[in-house]
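Raw input28.txt, compact mmCIF, C-alpha atoms and all ligand atoms:
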# COMPACT_ATOMS: atom_id res chain seq x y z
CA MET B 299 -13.20 -22.10 -8.44
CA GLU B 300 -11.04 -19.31 -9.85
CA LYS B 301 -7.93 -20.37 -11.72
CA VAL B 302 -5.01 -18.12 -10.84
CA VAL B 303 -1.70 -17.77 -12.68
CA SER B 304 1.14 -15.32 -12.17
CA GLY B 305 4.90 -15.05 -12.39
CA ILE B 306 7.89 -12.88 -11.62
CA ARG B 307 10.99 -12.57 -13.77
CA SER B 308 14.26 -14.03 -12.49
CA THR B 309 16.33 -10.90 -13.00
CA GLY B 310 17.56 -10.44 -9.42
CA ASN B 311 16.37 -10.46 -5.84
CA LEU B 312 12.76 -9.50 -5.21
CA HIS B 313 12.04 -6.03 -3.81
CA LEU B 314 9.08 -4.64 -1.92
CA GLY B 315 7.40 -3.65 -5.21
CA ASN B 316 7.34 -7.31 -6.25
CA TYR B 317 6.21 -8.30 -2.78
CA PHE B 318 3.33 -5.86 -2.32
CA GLY B 319 2.40 -5.75 -6.02
CA ALA B 320 2.41 -9.49 -6.58
CA LEU B 321 3.85 -12.02 -4.13
CA LYS B 322 1.73 -11.05 -1.12
CA ASN B 323 -1.38 -11.53 -3.24
CA PHE B 324 -0.11 -14.92 -4.45
CA ILE B 325 0.15 -16.00 -0.82
CA LYS B 326 -3.34 -14.81 0.09
CA MET B 327 -4.94 -16.32 -3.00
CA GLN B 328 -3.52 -19.79 -2.59
CA ASP B 329 -5.99 -20.61 0.19
CA ASP B 330 -9.12 -20.43 -1.91
CA ALA B 331 -8.24 -20.72 -5.57
CA ASP B 332 -6.51 -23.15 -7.92
CA CYS B 333 -3.14 -21.37 -8.17
CA LEU B 334 -0.09 -21.73 -10.38
CA PHE B 335 2.91 -19.47 -9.71
CA PHE B 336 6.04 -19.58 -11.80
CA ILE B 337 9.43 -17.98 -12.25
CA ALA B 338 9.65 -16.29 -15.64
CA ASP B 339 13.17 -17.23 -16.70
CA TYR B 340 12.40 -17.16 -20.46
CA HIS B 341 11.24 -13.57 -20.00
CA SER B 342 14.49 -12.66 -18.28
CA LEU B 343 16.47 -13.63 -21.42
CA THR B 344 15.56 -10.44 -23.32
CA THR B 345 18.48 -8.67 -21.63
CA HIS B 346 20.98 -11.51 -22.30
CA PRO B 347 21.94 -12.37 -18.70
CA ASP B 348 25.21 -14.18 -18.00
CA PRO B 349 24.41 -17.90 -18.54
CA THR B 350 26.45 -18.85 -15.48
CA GLN B 351 24.17 -16.74 -13.30
CA LEU B 352 20.77 -17.66 -14.65
CA ASN B 353 20.25 -20.76 -12.56
CA GLY B 354 21.31 -18.94 -9.38
CA ASN B 355 18.79 -16.17 -10.11
CA VAL B 356 16.00 -18.71 -10.56
CA ARG B 357 17.01 -20.45 -7.34
CA ASN B 358 16.94 -17.12 -5.49
CA VAL B 359 13.42 -16.28 -6.64
CA LEU B 360 12.23 -19.79 -5.82
CA SER B 361 13.62 -19.42 -2.27
CA GLU B 362 11.96 -16.02 -2.05
CA TYR B 363 8.59 -17.47 -3.10
CA LEU B 364 8.86 -20.17 -0.46
CA GLY B 365 10.37 -17.94 2.23
CA ALA B 366 7.59 -15.39 1.80
CA GLY B 367 4.97 -18.10 2.33
CA LEU B 368 4.03 -19.79 -0.94
CA SER B 369 3.19 -23.39 -0.22
CA PRO B 370 3.96 -26.22 -2.68
CA GLU B 371 1.11 -28.17 -1.09
CA LYS B 372 -1.46 -25.46 -1.83
CA SER B 373 -0.08 -24.05 -5.11
CA THR B 374 1.69 -25.32 -8.19
CA ILE B 375 5.11 -23.64 -8.14
CA PHE B 376 7.26 -24.08 -11.23
CA ILE B 377 9.96 -22.65 -13.48
CA GLN B 378 8.68 -21.33 -16.84
CA SER B 379 11.37 -23.09 -18.90
CA ASP B 380 10.53 -26.44 -17.25
CA MET B 381 7.22 -26.29 -19.14
CA PRO B 382 8.25 -26.18 -22.84
CA GLU B 383 4.59 -26.31 -23.95
CA VAL B 384 4.46 -22.56 -23.31
CA ALA B 385 6.93 -22.00 -26.15
CA GLU B 386 4.59 -23.78 -28.56
CA LEU B 387 1.55 -21.79 -27.48
CA TYR B 388 3.66 -18.62 -27.82
CA LEU B 389 4.44 -19.58 -31.43
CA LEU B 390 0.80 -20.26 -32.20
CA LEU B 391 -0.45 -17.04 -30.55
CA ASN B 392 2.20 -15.03 -32.42
CA MET B 393 0.23 -15.72 -35.64
CA HIS B 394 -2.54 -13.53 -34.22
CA ALA B 395 -0.39 -10.83 -32.63
CA TYR B 396 -0.03 -7.75 -34.80
CA ILE B 397 3.24 -5.86 -35.04
CA GLY B 398 1.53 -2.47 -34.79
CA GLU B 399 -0.09 -3.22 -31.45
CA LEU B 400 3.11 -4.76 -30.08
CA GLU B 401 5.09 -1.67 -31.08
CA ARG B 402 2.60 0.54 -29.25
CA THR B 403 2.96 -1.32 -25.91
CA SER B 404 4.27 1.07 -23.22
CA SER B 405 6.75 -1.43 -21.78
CA PHE B 406 8.22 -1.97 -25.28
CA LYS B 407 8.49 1.77 -25.94
CA ASP B 408 10.23 2.22 -22.56
CA LYS B 409 12.73 -0.52 -23.34
CA VAL B 410 13.47 0.96 -26.78
CA ARG B 411 14.22 4.28 -25.09
CA GLN B 412 16.39 2.71 -22.39
CA HIS B 413 18.25 0.08 -24.45
CA SER B 414 18.21 1.17 -28.07
CA GLU B 415 21.17 -1.18 -28.75
CA ASN B 416 19.15 -4.31 -27.92
CA VAL B 417 15.68 -4.09 -29.42
CA ASN B 418 15.20 -7.78 -30.12
CA ALA B 419 12.12 -9.69 -31.31
CA GLY B 420 11.79 -11.36 -27.88
CA LEU B 421 11.28 -7.92 -26.39
CA LEU B 422 8.69 -7.00 -29.00
CA THR B 423 6.71 -10.19 -28.47
CA TYR B 424 7.16 -10.21 -24.69
CA PRO B 425 3.40 -9.64 -24.14
CA VAL B 426 2.60 -12.65 -26.35
CA LEU B 427 4.75 -14.94 -24.20
CA MET B 428 3.09 -13.47 -21.13
CA ALA B 429 -0.35 -14.13 -22.64
CA ALA B 430 0.77 -17.71 -23.36
CA ASP B 431 1.82 -18.12 -19.70
CA ILE B 432 -1.68 -17.16 -18.61
CA LEU B 433 -3.84 -18.68 -21.34
CA ILE B 434 -2.02 -22.01 -21.26
CA HIS B 435 -3.73 -22.68 -17.91
CA ARG B 436 -6.94 -20.94 -18.98
CA ALA B 437 -6.60 -18.70 -15.95
CA THR B 438 -9.29 -16.25 -14.83
CA GLN B 439 -7.33 -14.07 -12.37
CA VAL B 440 -3.77 -12.77 -12.52
CA PRO B 441 -2.32 -11.08 -9.42
CA VAL B 442 0.06 -8.36 -10.66
CA GLY B 443 1.13 -4.79 -9.95
CA LYS B 444 -0.21 -1.77 -11.80
CA ASP B 445 2.59 -1.80 -14.39
CA GLN B 446 1.25 -5.06 -15.86
CA GLU B 447 -2.26 -3.75 -16.56
CA GLN B 448 -1.65 -3.18 -20.26
CA HIS B 449 -0.19 -6.68 -20.69
CA LEU B 450 -3.37 -8.13 -19.20
CA GLU B 451 -5.46 -6.08 -21.59
CA MET B 452 -3.46 -7.57 -24.45
CA THR B 453 -3.93 -11.07 -23.03
CA ARG B 454 -7.70 -10.55 -23.06
CA GLN B 455 -7.46 -9.26 -26.62
CA TYR B 456 -5.59 -12.40 -27.75
CA ALA B 457 -8.11 -14.63 -25.96
CA ARG B 458 -11.04 -12.81 -27.61
CA ARG B 459 -9.39 -12.79 -31.02
CA PHE B 460 -8.66 -16.51 -30.88
CA ASN B 461 -12.18 -17.36 -29.73
CA SER B 462 -13.82 -15.25 -32.40
CA LYS B 463 -11.46 -16.28 -35.24
CA TYR B 464 -12.11 -19.97 -34.64
CA GLY B 465 -15.71 -19.64 -33.43
CA VAL B 466 -15.02 -21.19 -30.04
CA GLU B 467 -15.44 -20.26 -26.37
CA PHE B 468 -12.08 -21.71 -25.44
CA PHE B 469 -10.03 -19.09 -23.60
CA PRO B 470 -11.54 -17.17 -20.66
CA GLU B 471 -10.64 -13.47 -20.49
CA PRO B 472 -8.38 -13.13 -17.44
CA VAL B 473 -8.38 -10.05 -15.21
CA ALA B 474 -5.53 -8.40 -13.32
CA TYR B 475 -6.19 -8.91 -9.65
CA ASN B 476 -5.29 -7.40 -6.31
CA PHE B 477 -6.65 -8.51 -2.97
CA GLY B 478 -7.14 -4.93 -1.91
CA SER B 479 -9.14 -4.41 -5.15
CA GLU B 480 -6.88 -1.70 -6.67
CA LEU B 481 -3.68 -2.63 -8.46
CA VAL B 482 -0.66 -1.36 -6.55
CA LYS B 483 2.28 0.77 -7.64
CA VAL B 484 4.95 0.75 -4.94
CA PRO B 485 7.09 3.88 -5.27
CA GLY B 486 10.88 3.94 -4.92
CA LEU B 487 12.79 5.74 -2.16
CA ASP B 488 14.27 8.27 -4.56
CA GLY B 489 11.35 10.66 -4.64
CA SER B 490 9.81 9.68 -7.97
CA GLY B 491 8.85 6.67 -10.03
CA LYS B 492 8.18 3.07 -9.06
CA MET B 493 10.42 0.74 -7.14
CA GLY B 494 12.41 -1.27 -9.66
CA LYS B 495 15.31 -3.68 -9.90
CA SER B 496 17.47 -1.63 -12.21
CA THR B 497 16.87 1.76 -10.61
CA GLY B 498 18.66 1.22 -7.27
CA ASN B 499 15.72 2.74 -5.38
CA GLY B 500 14.46 -0.43 -3.75
CA VAL B 501 14.41 -2.39 -0.53
CA TYR B 502 14.88 -6.12 -1.06
CA LEU B 503 13.41 -9.04 0.85
CA VAL B 504 16.97 -10.20 1.59
CA ASP B 505 18.23 -6.81 2.85
CA SER B 506 19.63 -6.78 6.38
CA ASP B 507 17.93 -4.71 9.09
CA ALA B 508 20.84 -2.26 8.96
CA ASP B 509 20.55 -1.89 5.16
CA ILE B 510 16.80 -1.28 5.39
CA ARG B 511 17.29 1.43 8.03
CA LYS B 512 20.07 3.06 6.01
CA LYS B 513 18.02 3.08 2.79
CA VAL B 514 14.89 4.50 4.41
CA MET B 515 16.79 7.19 6.34
CA LYS B 516 18.35 8.30 3.03
CA ALA B 517 14.97 8.55 1.24
CA VAL B 518 14.37 11.85 -0.54
CA THR B 519 12.30 14.45 1.40
CA ASP B 520 11.97 18.26 1.35
CA GLY B 521 12.02 21.18 3.79
CA GLY B 522 8.68 20.18 5.33
CA PRO B 523 5.14 21.59 5.09
CA THR B 524 4.78 25.32 5.71
CA GLU B 525 1.03 25.65 5.26
CA LYS B 526 -1.62 23.71 7.15
CA ASN B 527 -3.56 21.04 5.22
CA SER B 528 -1.33 21.28 2.14
CA THR B 529 -1.02 18.42 -0.35
CA PRO B 530 2.32 16.62 0.07
CA PRO B 531 4.66 16.72 -2.95
CA GLU B 532 5.39 13.43 -4.77
CA ALA B 533 8.44 12.39 -2.71
CA ILE B 534 6.53 12.74 0.57
CA GLU B 535 3.33 11.18 -0.76
CA ASN B 536 5.46 8.22 -1.85
CA LEU B 537 6.68 7.77 1.72
CA PHE B 538 3.07 7.83 2.93
CA THR B 539 2.26 5.13 0.34
CA ILE B 540 5.14 3.01 1.62
CA MET B 541 4.02 3.62 5.20
CA SER B 542 0.49 2.47 4.31
CA LEU B 543 1.98 -0.88 3.24
CA VAL B 544 4.15 -1.58 6.29
CA SER B 545 2.57 0.33 9.19
CA THR B 546 -0.81 0.15 10.92
CA PRO B 547 -3.65 2.48 9.80
CA GLU B 548 -3.40 4.26 13.21
CA ILE B 549 0.25 5.10 12.74
CA LEU B 550 -0.40 6.24 9.17
CA SER B 551 -3.18 8.58 10.25
CA GLN B 552 -1.07 9.92 13.10
CA PHE B 553 1.69 10.95 10.63
CA ARG B 554 -0.84 12.21 8.07
CA GLY B 555 -2.24 14.41 10.87
CA ALA B 556 1.24 15.64 11.79
CA TYR B 557 1.84 16.57 8.13
CA ALA B 558 -1.49 18.40 7.95
CA ASP B 559 -0.76 20.50 11.05
CA CYS B 560 2.91 21.01 10.07
CA SER B 561 4.27 19.31 13.20
CA ILE B 562 5.78 16.36 11.30
CA ARG B 563 9.47 15.62 11.82
CA TYR B 564 10.82 13.70 8.86
CA GLY B 565 13.45 11.97 11.03
CA ASP B 566 10.72 10.38 13.18
CA PHE B 567 8.57 9.67 10.11
CA LYS B 568 11.38 7.74 8.41
CA LYS B 569 12.40 5.96 11.63
CA GLN B 570 8.84 4.70 12.01
CA ILE B 571 8.75 3.48 8.38
CA ALA B 572 12.15 1.82 8.77
CA GLU B 573 11.16 -0.04 11.96
CA ASP B 574 7.85 -1.23 10.51
CA MET B 575 9.61 -2.31 7.33
CA VAL B 576 12.18 -4.27 9.35
CA THR B 577 9.30 -5.97 11.20
CA THR B 578 7.77 -6.97 7.83
CA VAL B 579 10.96 -8.07 6.10
CA ALA B 580 13.09 -9.70 8.84
CA PRO B 581 11.04 -12.91 9.34
CA ILE B 582 10.67 -13.36 5.56
CA ARG B 583 14.43 -12.88 5.09
CA GLU B 584 15.22 -15.48 7.76
CA ARG B 585 13.00 -18.06 6.04
CA ILE B 586 14.48 -17.23 2.62
CA PHE B 587 18.00 -17.93 3.93
CA GLU B 588 16.85 -21.13 5.58
CA VAL B 589 15.20 -22.53 2.45
CA ARG B 590 17.92 -21.27 0.06
CA SER B 591 20.49 -23.63 1.54
CA ASN B 592 18.24 -26.67 1.08
CA GLU B 593 19.09 -27.62 -2.51
CA LYS B 594 17.30 -30.94 -2.35
CA TYR B 595 14.03 -29.37 -1.22
CA LEU B 596 14.21 -26.67 -3.93
CA SER B 597 14.77 -29.28 -6.65
CA GLU B 598 11.89 -31.37 -5.38
CA VAL B 599 9.52 -28.40 -5.33
CA ALA B 600 10.48 -27.40 -8.89
CA ALA B 601 10.20 -30.95 -10.26
CA HIS B 602 6.83 -31.56 -8.62
CA GLY B 603 5.51 -28.14 -9.80
CA ALA B 604 6.68 -28.71 -13.38
CA GLN B 605 4.97 -32.06 -13.54
CA LYS B 606 1.64 -30.61 -12.37
CA ALA B 607 1.89 -27.50 -14.56
CA ARG B 608 2.68 -29.56 -17.66
CA GLN B 609 -0.48 -31.61 -17.32
CA SER B 610 -2.62 -28.49 -17.52
CA ALA B 611 -0.45 -27.02 -20.31
CA GLN B 612 -0.48 -30.16 -22.45
CA ALA B 613 -4.26 -30.30 -22.39
CA THR B 614 -4.51 -26.70 -23.60
CA VAL B 615 -1.88 -27.01 -26.31
CA SER B 616 -3.43 -30.13 -27.80
CA ALA B 617 -6.85 -28.46 -27.83
CA VAL B 618 -5.39 -25.35 -29.50
CA ARG B 619 -3.60 -27.44 -32.15
CA GLU B 620 -6.85 -29.20 -32.88
CA ILE B 621 -8.84 -25.93 -33.06
CA MET B 622 -6.26 -24.43 -35.45
CA GLY B 623 -6.36 -27.54 -37.63
CA ILE B 624 -3.05 -29.19 -36.76
CA LYS B 625 -3.82 -32.88 -36.77
CA ARG B 626 -1.64 -35.95 -36.61
CA PHE B 627 -1.57 -38.16 -39.74
P1 LIG H 701 8.23 -8.29 -13.15
O1 LIG H 701 9.17 -9.44 -12.97
O2 LIG H 701 8.76 -7.01 -13.66
O3 LIG H 701 7.52 -7.99 -11.79
C1 LIG H 701 6.88 -9.02 -11.09
C2 LIG H 701 5.62 -8.53 -10.41
O4 LIG H 701 5.94 -7.48 -9.50
C3 LIG H 701 5.14 -6.36 -9.78
N1 LIG H 701 5.91 -5.13 -9.50
C4 LIG H 701 5.40 -4.11 -8.83
N2 LIG H 701 4.17 -3.90 -8.30
C5 LIG H 701 3.97 -2.74 -7.67
N3 LIG H 701 4.92 -1.77 -7.55
C6 LIG H 701 6.16 -1.93 -8.08
N4 LIG H 701 7.07 -0.97 -7.94
C7 LIG H 701 6.43 -3.13 -8.77
N5 LIG H 701 7.52 -3.62 -9.41
C8 LIG H 701 7.17 -4.85 -9.86
C9 LIG H 701 4.78 -6.45 -11.24
O5 LIG H 701 3.61 -5.73 -11.52
C10 LIG H 701 4.60 -7.94 -11.40
O6 LIG H 701 3.31 -8.33 -11.01
N6 LIG H 701 5.82 -9.61 -17.22
C11 LIG H 701 5.92 -9.86 -15.81
C12 LIG H 701 6.23 -11.30 -15.45
C13 LIG H 701 5.32 -12.27 -16.09
C14 LIG H 701 3.96 -12.53 -15.74
C15 LIG H 701 3.52 -13.54 -16.64
C16 LIG H 701 3.12 -12.02 -14.76
C17 LIG H 701 5.62 -13.08 -17.13
N7 LIG H 701 4.55 -13.84 -17.46
C18 LIG H 701 2.22 -14.04 -16.58
C19 LIG H 701 1.81 -12.53 -14.70
C20 LIG H 701 1.39 -13.51 -15.58
C21 LIG H 701 7.01 -8.98 -15.29
O7 LIG H 701 7.90 -8.57 -15.98
O8 LIG H 701 6.96 -8.75 -13.99

This structure in structure tokens:
Amino acid sequence: MEKVVSGIRSTGNLHLGNYFGALKNFIKMQDDADCLFFIADYHSLTTHPDPTQLNGNVRNVLSEYLGAGLSPEKSTIFIQSDMPEVAELYLLLNMHAYIGELERTSSFKDKVRQHSENVNAGLLTYPVLMAADILIHRATQVPVGKDQEQHLEMTRQYARRFNSKYGVEFFPEPVAYNFGSELVKVPGLDGSGKMGKSTGNGVYLVDSDADIRKKVMKAVTDGGPTEKNSTPPEAIENLFTIMSLVSTPEILSQFRGAYADCSIRYGDFKKQIAEDMVTTVAPIRERIFEVRSNEKYLSEVAAHGAQKARQSAQATVSAVREIMGIKRF
């Protein structure tokens, strides 16, 4: 059976990029694999969040996991910092992570550009902690969006390097996984780039119907096609991508056809996307609100998940210590 591990950072509410890139796959995979899904709160510390808000953020993501359909009976659901073994594996893997390759990571270079005032060592070694999250359960598949592809490549590199350095076949080489076979990049509503938490171009799982409609109707478009069968510019192609996620294939091909023969009306196009998005999000949102108020249930889920996750983690860490030569006197 495949062993599946993935996580999402607790930096705010989850948007449709997180949902279609990751969470929806988590939900589908839990039926036929051994799955562990966590909330990456250690990873969220690179930006120094307000300590009084951290726990609330974790609680929100946990409610979003459960509201969207993750089941604590089928999957192990836990908070990263409830499993301190990962910090030890991170330390041990850091001995085999080279500064040069960490400095060349795209996500690191982006962060240096965006936040030159806060280039901390946690940010540099972010991919090592992520590798530790995955390798600590000796996972084989990792459901993630396209932006995490390079981190998965690095995880495989660390697994290979460890195995070959110590002459063992200990870590499997995990692959980035999407149910639809290709990794997804969900675009934002601002005409370019991916949907992200800090960019203000997203629709969130907790957005009201009215907010969703308002955001979609404001999405960037252009003057419309003037030549038959022309290729849509990026902003319009992005809306087609979003439509392909929330609408039926028939509706998508109807609007593709209308674009091709220049009869498309962007008002109708956006209205259709907005309504189909509301149909996708509204039931999830209702369940998120329901579960979010049940503190006792959330604590039980987290405690039970941590206990199960730690068993798997402890076995790996003691084997790694042994392989590296750390032995008790
Ligand atoms: P994070 O928290 O930035 O994003 C969580 C997941 O959502 C996906 N995602 C998207 N997918 C498609 N289109 C988008 N616009 C979009 N925005 C976000 C991401 O690809 C990701 O799958 N490093 C990870 C968290 C992490 C992790 C791990 C993941 C920590 N340890 C171990 C897997 C395994 C991150 O920052 O994701």

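Considering the residues B:Gln351, B:Asn536, B:Ser462, B:Ser373 and counting all atoms listed in the file, ligand LIG 701 (chain H) has its shortest atom-to-atom contact with B:Asn536.
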
Using only C-alpha atoms, find all polymer residues with an atom at most 10 Å away from the point (10.0, 0.4, -6.6); report them as an mmCIF file with C-alpha atoms, in the coordinates of the input.
data_model
loop_
_atom_site.group_PDB
_atom_site.id
_atom_site.type_symbol
_atom_site.label_atom_id
_atom_site.label_comp_id
_atom_site.auth_asym_id
_atom_site.auth_seq_id
_atom_site.Cartn_x
_atom_site.Cartn_y
_atom_site.Cartn_z
ATOM 1 C CA HIS B 313 12.040 -6.030 -3.810
ATOM 2 C CA LEU B 314 9.080 -4.640 -1.920
ATOM 3 C CA GLY B 315 7.400 -3.650 -5.210
ATOM 4 C CA ASN B 316 7.340 -7.310 -6.250
ATOM 5 C CA GLY B 319 2.400 -5.750 -6.020
ATOM 6 C CA LYS B 483 2.280 0.770 -7.640
ATOM 7 C CA VAL B 484 4.950 0.750 -4.940
ATOM 8 C CA PRO B 485 7.090 3.880 -5.270
ATOM 9 C CA GLY B 486 10.880 3.940 -4.920
ATOM 10 C CA LEU B 487 12.790 5.740 -2.160
ATOM 11 C CA ASP B 488 14.270 8.270 -4.560
ATOM 12 C CA SER B 490 9.810 9.680 -7.970
ATOM 13 C CA GLY B 491 8.850 6.670 -10.030
ATOM 14 C CA LYS B 492 8.180 3.070 -9.060
ATOM 15 C CA MET B 493 10.420 0.740 -7.140
ATOM 16 C CA GLY B 494 12.410 -1.270 -9.660
ATOM 17 C CA LYS B 495 15.310 -3.680 -9.900
ATOM 18 C CA SER B 496 17.470 -1.630 -12.210
ATOM 19 C CA THR B 497 16.870 1.760 -10.610
ATOM 20 C CA GLY B 498 18.660 1.220 -7.270
ATOM 21 C CA ASN B 499 15.720 2.740 -5.380
ATOM 22 C CA GLY B 500 14.460 -0.430 -3.750
ATOM 23 C CA VAL B 501 14.410 -2.390 -0.530
ATOM 24 C CA TYR B 502 14.880 -6.120 -1.060
ATOM 25 C CA ILE B 540 5.140 3.010 1.620
#

Report, as JSON, the centre and edge lengths in Å (one decimal) of the axis-aligned box enclosing every listed atom of ligand LIG 701 (chain H), padded by 5 Å on each side.
{"center_x": 5.3, "center_y": -7.5, "center_z": -12.5, "size_x": 17.8, "size_y": 23.1, "size_z": 19.9}

Selection as a PyMOL selection string: residues within 7 Å of ligand LIG 701 (chain H) by only C-alpha atoms and all ligand atoms: chain B and resi 303-308+315-320+338+341+427-429+431-432+440-446+482-486+492-494

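As for CA of Lys569 in chain B and CA of Phe553 in chain B, they are spaced 11.9 Å apart.
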
So which residues touch Leu550 in chain B within 12 Å, counting all atoms listed in the file, skipping near sequence neighbours fewer than 2 positions away, as a list of chain:residue names?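 Contacts, in chain order: B:Glu535, B:Leu537, B:Phe538, B:Thr539, B:Ile540, B:Met541, B:Ser542, B:Leu543, B:Val544, B:Ser545, B:Thr546, B:Pro547, B:Glu548, B:Gln552, B:Phe553, B:Arg554, B:Gly555, B:Ala556, B:Tyr557, B:Phe567, B:Lys568, B:Gln570, B:Ile571, B:Asp574.
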
All residues 8 Å or closer to Leu400 in chain B, only C-alpha atoms, same chain fewer than 6 positions away omitted, as a compact mmCIF listing (two decimals) with C-alpha atoms, in the frame of the given file:
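Writing the result to out_34.txt gives the following:
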# COMPACT_ATOMS: atom_id res chain seq x y z
CA PHE B 406 8.22 -1.97 -25.28
CA LEU B 422 8.69 -7.00 -29.00
CA THR B 423 6.71 -10.19 -28.47
CA PRO B 425 3.40 -9.64 -24.14

Shell around Gln328 in chain B at 10 Å using all atoms listed in the file, local window under 2 positions removed, as an MDAnalysis selection string: chainID B and resid 302 323:326 330:335 367:374

May I ask for the distance between CA of Lys516 in chain B and CA of Ala533 in chain B, given in Å to one decimal place?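 CA of Ala533 in chain B lies 12.2 Å from CA of Lys516 in chain B.
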
Tell me which protein, DNA and RNA residues are within 12 Å of Pro472 in chain B, counting all atoms listed in the file, leaving out same-chain ones fewer than 4 positions away, and put them as a ChimeraX atom specification. /B:300-304,429-442,447,449-458

Distance CA of Asn358 in chain B-CA of Ile586 in chain B, one decimal place?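 So the two atoms, CA of Asn358 in chain B and CA of Ile586 in chain B, lie 8.5 Å apart.
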
Hey, could you patch up range 416-421 of chain B with all heavy atoms and hand it over as a PDB file, in the frame of the given file?
ATOM      1  N   ASN B 416      19.599  -2.909 -28.028  1.00  0.00           N
ATOM      2  CA  ASN B 416      19.150  -4.310 -27.920  1.00  0.00           C
ATOM      3  C   ASN B 416      17.642  -4.440 -28.056  1.00  0.00           C
ATOM      4  O   ASN B 416      16.965  -4.931 -27.164  1.00  0.00           O
ATOM      5  CB  ASN B 416      19.636  -4.896 -26.571  1.00  0.00           C
ATOM      6  CG  ASN B 416      19.237  -6.359 -26.412  1.00  0.00           C
ATOM      7  OD1 ASN B 416      19.067  -7.090 -27.396  1.00  0.00           O
ATOM      8  ND2 ASN B 416      19.061  -6.794 -25.173  1.00  0.00           N
ATOM      9  N   VAL B 417      17.120  -3.977 -29.197  1.00  0.00           N
ATOM     10  CA  VAL B 417      15.680  -4.090 -29.420  1.00  0.00           C
ATOM     11  C   VAL B 417      15.420  -5.384 -30.195  1.00  0.00           C
ATOM     12  O   VAL B 417      15.353  -5.387 -31.414  1.00  0.00           O
ATOM     13  CB  VAL B 417      15.140  -2.857 -30.170  1.00  0.00           C
ATOM     14  CG1 VAL B 417      13.627  -2.945 -30.323  1.00  0.00           C
ATOM     15  CG2 VAL B 417      15.517  -1.586 -29.435  1.00  0.00           C
ATOM     16  N   ASN B 418      15.338  -6.485 -29.453  1.00  0.00           N
ATOM     17  CA  ASN B 418      15.200  -7.780 -30.120  1.00  0.00           C
ATOM     18  C   ASN B 418      13.730  -8.208 -30.236  1.00  0.00           C
ATOM     19  O   ASN B 418      12.852  -7.631 -29.602  1.00  0.00           O
ATOM     20  CB  ASN B 418      16.064  -8.845 -29.418  1.00  0.00           C
ATOM     21  CG  ASN B 418      15.706  -9.021 -27.949  1.00  0.00           C
ATOM     22  OD1 ASN B 418      14.573  -9.389 -27.635  1.00  0.00           O
ATOM     23  ND2 ASN B 418      16.645  -8.752 -27.052  1.00  0.00           N
ATOM     24  N   ALA B 419      13.496  -9.254 -31.059  1.00  0.00           N
ATOM     25  CA  ALA B 419      12.120  -9.690 -31.310  1.00  0.00           C
ATOM     26  C   ALA B 419      11.476 -10.276 -30.057  1.00  0.00           C
ATOM     27  O   ALA B 419      10.257 -10.207 -29.881  1.00  0.00           O
ATOM     28  CB  ALA B 419      12.092 -10.713 -32.447  1.00  0.00           C
ATOM     29  N   GLY B 420      12.310 -10.825 -29.150  1.00  0.00           N
ATOM     30  CA  GLY B 420      11.790 -11.360 -27.880  1.00  0.00           C
ATOM     31  C   GLY B 420      11.172 -10.247 -27.050  1.00  0.00           C
ATOM     32  O   GLY B 420      10.160 -10.447 -26.375  1.00  0.00           O
ATOM     33  N   LEU B 421      11.794  -9.083 -27.124  1.00  0.00           N
ATOM     34  CA  LEU B 421      11.280  -7.920 -26.390  1.00  0.00           C
ATOM     35  C   LEU B 421       9.951  -7.465 -26.987  1.00  0.00           C
ATOM     36  O   LEU B 421       9.000  -7.164 -26.272  1.00  0.00           O
ATOM     37  CB  LEU B 421      12.332  -6.818 -26.507  1.00  0.00           C
ATOM     38  CG  LEU B 421      12.408  -5.753 -25.443  1.00  0.00           C
ATOM     39  CD1 LEU B 421      12.594  -6.355 -24.067  1.00  0.00           C
ATOM     40  CD2 LEU B 421      13.578  -4.820 -25.766  1.00  0.00           C
TER      41      LEU B 421
END
